[in-house]
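Source file: structure22.cif (mmCIF, C-alpha atoms)
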```cif
data_run
#
loop_
_atom_site.label_atom_id
_atom_site.label_comp_id
_atom_site.auth_asym_id
_atom_site.auth_seq_id
_atom_site.Cartn_x
_atom_site.Cartn_y
_atom_site.Cartn_z
CA GLN P 1 18.08 -166.21 -112.03
CA VAL P 2 18.81 -162.58 -111.27
CA GLN P 3 21.09 -160.81 -113.68
CA LEU P 4 22.18 -157.17 -113.84
CA VAL P 5 24.17 -156.05 -116.86
CA GLU P 6 25.61 -152.55 -116.90
CA SER P 7 26.87 -150.83 -120.04
CA GLY P 8 27.64 -147.43 -121.52
CA GLY P 9 30.77 -146.47 -119.66
CA GLY P 10 33.85 -145.07 -121.32
CA LEU P 11 36.57 -142.47 -121.41
CA VAL P 12 35.38 -138.87 -121.51
CA GLN P 13 36.86 -135.43 -121.01
CA PRO P 14 35.81 -133.20 -118.11
CA GLY P 15 32.53 -131.53 -118.94
CA GLY P 16 31.45 -134.40 -121.14
CA SER P 17 28.43 -136.67 -120.94
CA LEU P 18 27.67 -140.36 -120.83
CA LYS P 19 24.53 -142.46 -120.59
CA LEU P 20 24.72 -145.69 -118.62
CA SER P 21 22.24 -148.53 -118.97
CA CYS P 22 21.44 -151.45 -116.70
CA ALA P 23 19.40 -154.32 -118.06
CA ALA P 24 17.77 -156.38 -115.33
CA SER P 25 16.28 -159.84 -115.50
CA GLY P 26 14.98 -162.30 -112.96
CA ILE P 27 13.38 -159.67 -110.71
CA VAL P 28 9.95 -158.10 -110.57
CA PHE P 29 11.31 -154.97 -112.12
CA ARG P 30 8.31 -152.72 -112.02
CA ILE P 31 7.87 -152.89 -108.25
CA SER P 32 11.55 -152.61 -107.40
CA ALA P 33 13.36 -149.50 -106.29
CA LEU P 34 16.57 -149.36 -108.28
CA ALA P 35 19.78 -147.45 -107.89
CA TRP P 36 23.16 -146.70 -109.34
CA TYR P 37 26.25 -147.08 -107.20
CA ARG P 38 29.89 -146.40 -107.87
CA GLN P 39 33.22 -147.43 -106.46
CA ALA P 40 36.44 -145.57 -107.08
CA PRO P 41 39.84 -147.19 -106.48
CA GLY P 42 40.61 -147.35 -102.79
CA LYS P 43 37.17 -146.13 -101.79
CA GLN P 44 33.96 -147.74 -100.60
CA ARG P 45 31.02 -148.24 -102.88
CA GLU P 46 28.61 -145.32 -102.64
CA LEU P 47 25.05 -144.62 -103.69
CA VAL P 48 24.83 -142.25 -106.64
CA ALA P 49 21.13 -142.12 -107.51
CA ARG P 50 17.96 -144.01 -106.72
CA ILE P 51 14.52 -144.29 -108.30
CA THR P 52 11.45 -145.85 -106.72
CA SER P 53 8.87 -147.95 -108.49
CA GLY P 54 6.75 -144.80 -108.67
CA GLY P 55 9.50 -142.75 -110.26
CA VAL P 56 10.57 -140.72 -107.24
CA THR P 57 14.28 -139.99 -107.42
CA ASP P 58 17.03 -138.92 -105.09
CA TYR P 59 20.71 -138.24 -105.62
CA ALA P 60 23.99 -137.99 -103.81
CA ASP P 61 24.88 -134.35 -103.18
CA SER P 62 27.97 -134.71 -105.34
CA VAL P 63 25.92 -135.42 -108.48
CA LYS P 64 22.77 -133.36 -107.96
CA GLY P 65 21.99 -131.22 -110.95
CA ARG P 66 24.38 -133.19 -113.17
CA PHE P 67 23.05 -136.77 -113.18
CA THR P 68 19.56 -138.03 -113.93
CA ILE P 69 18.27 -141.52 -113.20
CA SER P 70 15.35 -142.93 -115.14
CA ARG P 71 13.72 -146.29 -115.78
CA ASP P 72 11.83 -148.07 -118.52
CA ASN P 73 9.69 -150.78 -116.97
CA ALA P 74 8.77 -152.24 -120.35
CA LYS P 75 12.45 -152.77 -121.15
CA THR P 76 13.35 -153.64 -117.52
CA THR P 77 16.19 -151.16 -117.84
CA VAL P 78 17.39 -148.35 -115.63
CA TYR P 79 19.49 -145.49 -116.97
CA LEU P 80 21.89 -142.91 -115.63
CA HIS P 81 22.37 -139.79 -117.69
CA MET P 82 25.57 -138.07 -116.62
CA ASN P 83 26.39 -134.52 -117.66
CA SER P 84 29.17 -132.09 -116.73
CA LEU P 85 31.38 -134.99 -115.74
CA LYS P 86 34.30 -134.33 -113.42
CA PRO P 87 37.50 -136.31 -112.81
CA GLU P 88 36.13 -137.25 -109.38
CA ASP P 89 33.28 -139.10 -111.11
CA THR P 90 35.81 -141.67 -112.29
CA ALA P 91 34.71 -145.03 -110.89
CA LEU P 92 33.20 -148.41 -111.66
CA TYR P 93 29.43 -147.94 -111.83
CA TYR P 94 26.94 -150.62 -110.81
CA CYS P 95 23.19 -150.90 -110.58
CA ASN P 96 21.29 -152.80 -107.93
CA ARG P 97 18.21 -152.58 -105.78
CA GLY P 98 17.61 -149.22 -104.16
CA SER P 99 16.18 -150.69 -100.98
CA GLY P 100 16.23 -153.98 -99.15
CA ALA P 101 18.78 -156.69 -99.66
CA PHE P 102 21.14 -156.34 -102.60
CA LEU P 103 20.92 -158.65 -105.58
CA SER P 104 24.04 -160.30 -106.96
CA TRP P 105 26.26 -157.54 -108.30
CA GLY P 106 26.97 -157.28 -111.99
CA ARG P 107 30.38 -156.53 -113.46
CA GLY P 108 29.77 -152.81 -113.58
CA THR P 109 30.79 -150.36 -116.27
CA GLN P 110 33.90 -148.21 -116.02
CA VAL P 111 33.64 -144.43 -116.30
CA THR P 112 36.90 -142.52 -116.62
CA VAL P 113 36.92 -138.74 -116.76
CA THR P 114 40.26 -137.29 -117.76
CA SER P 115 41.75 -134.68 -120.01
#
```
Could I get this structure in the form of structure tokens?
Amino acid sequence: QVQLVESGGGLVQPGGSLKLSCAASGIVFRISALAWYRQAPGKQRELVARITSGGVTDYADSVKGRFTISRDNAKTTVYLHMNSLKPEDTALYYCNRGSGAFLSWGRGTQVTVTS
């Protein structure tokens, strides 16, 4: 059974940092492209960052230079390091496949950036 569990969100001031984690089970992790997505209130879910099985990454323009996606195949976990956070980064963050059909969505982890 596929399960994605996101964690690490929280309340942070502008300019602050957070590290999100997504523990995956029930998938062949090491050959899967994985990604972080986010959804702000009243907006559609959007792709934030993606990492292939080979470690190639790409990012939304809005987070380039501030966010870094990484993966640990041994721990079947994907991470999102977020620096220089802005109020517009406030959203519910999810992980899922980075290509192909989506897996069942997890509950996400809330990131709130406010002074």
I want to know what sits within 10 Å of Pro87 in chain P, based on all atoms listed in the file, with residues of the same chain fewer than 4 positions away left out; could you give that as a ChimeraX atom specification? /P:12-15,91,111-115
Which centre and which edge lengths, in Å to one decimal, describe the axis-aligned box that holds all listed atoms of range 24-27 of chain P after 4 Å is added on each side, as JSON?
```
{"center_x": 15.6, "center_y": -159.3, "center_z": -113.1, "size_x": 12.4, "size_y": 13.9, "size_z": 12.8}
```
I need the output of the PyMOL selection byres ((chain P and resi 45) around 12) for this file as a PyMOL selection string; which residues are they? chain P and resi 36-44+46-48+91-96+105+108
Atom pair CA of Asn73 in chain P / CA of Ala101 in chain P: separation (Å):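 One can read the CA of Asn73 in chain P to CA of Ala101 in chain P distance as 20.4 Å.
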From the set P:Val63, P:Thr90, P:Ile69, P:Leu34, which residue has the shortest atom-to-atom contact distance to Leu20 in chain P, counting all atoms listed in the file?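 Smallest distance to Leu20 in chain P is found for P:Ile69.
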What does the structure give for the distance between CA of Ile27 in chain P and CA of Val2 in chain P, in Å to one decimal?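 Going from CA of Ile27 in chain P over to CA of Val2 in chain P covers 6.2 Å.
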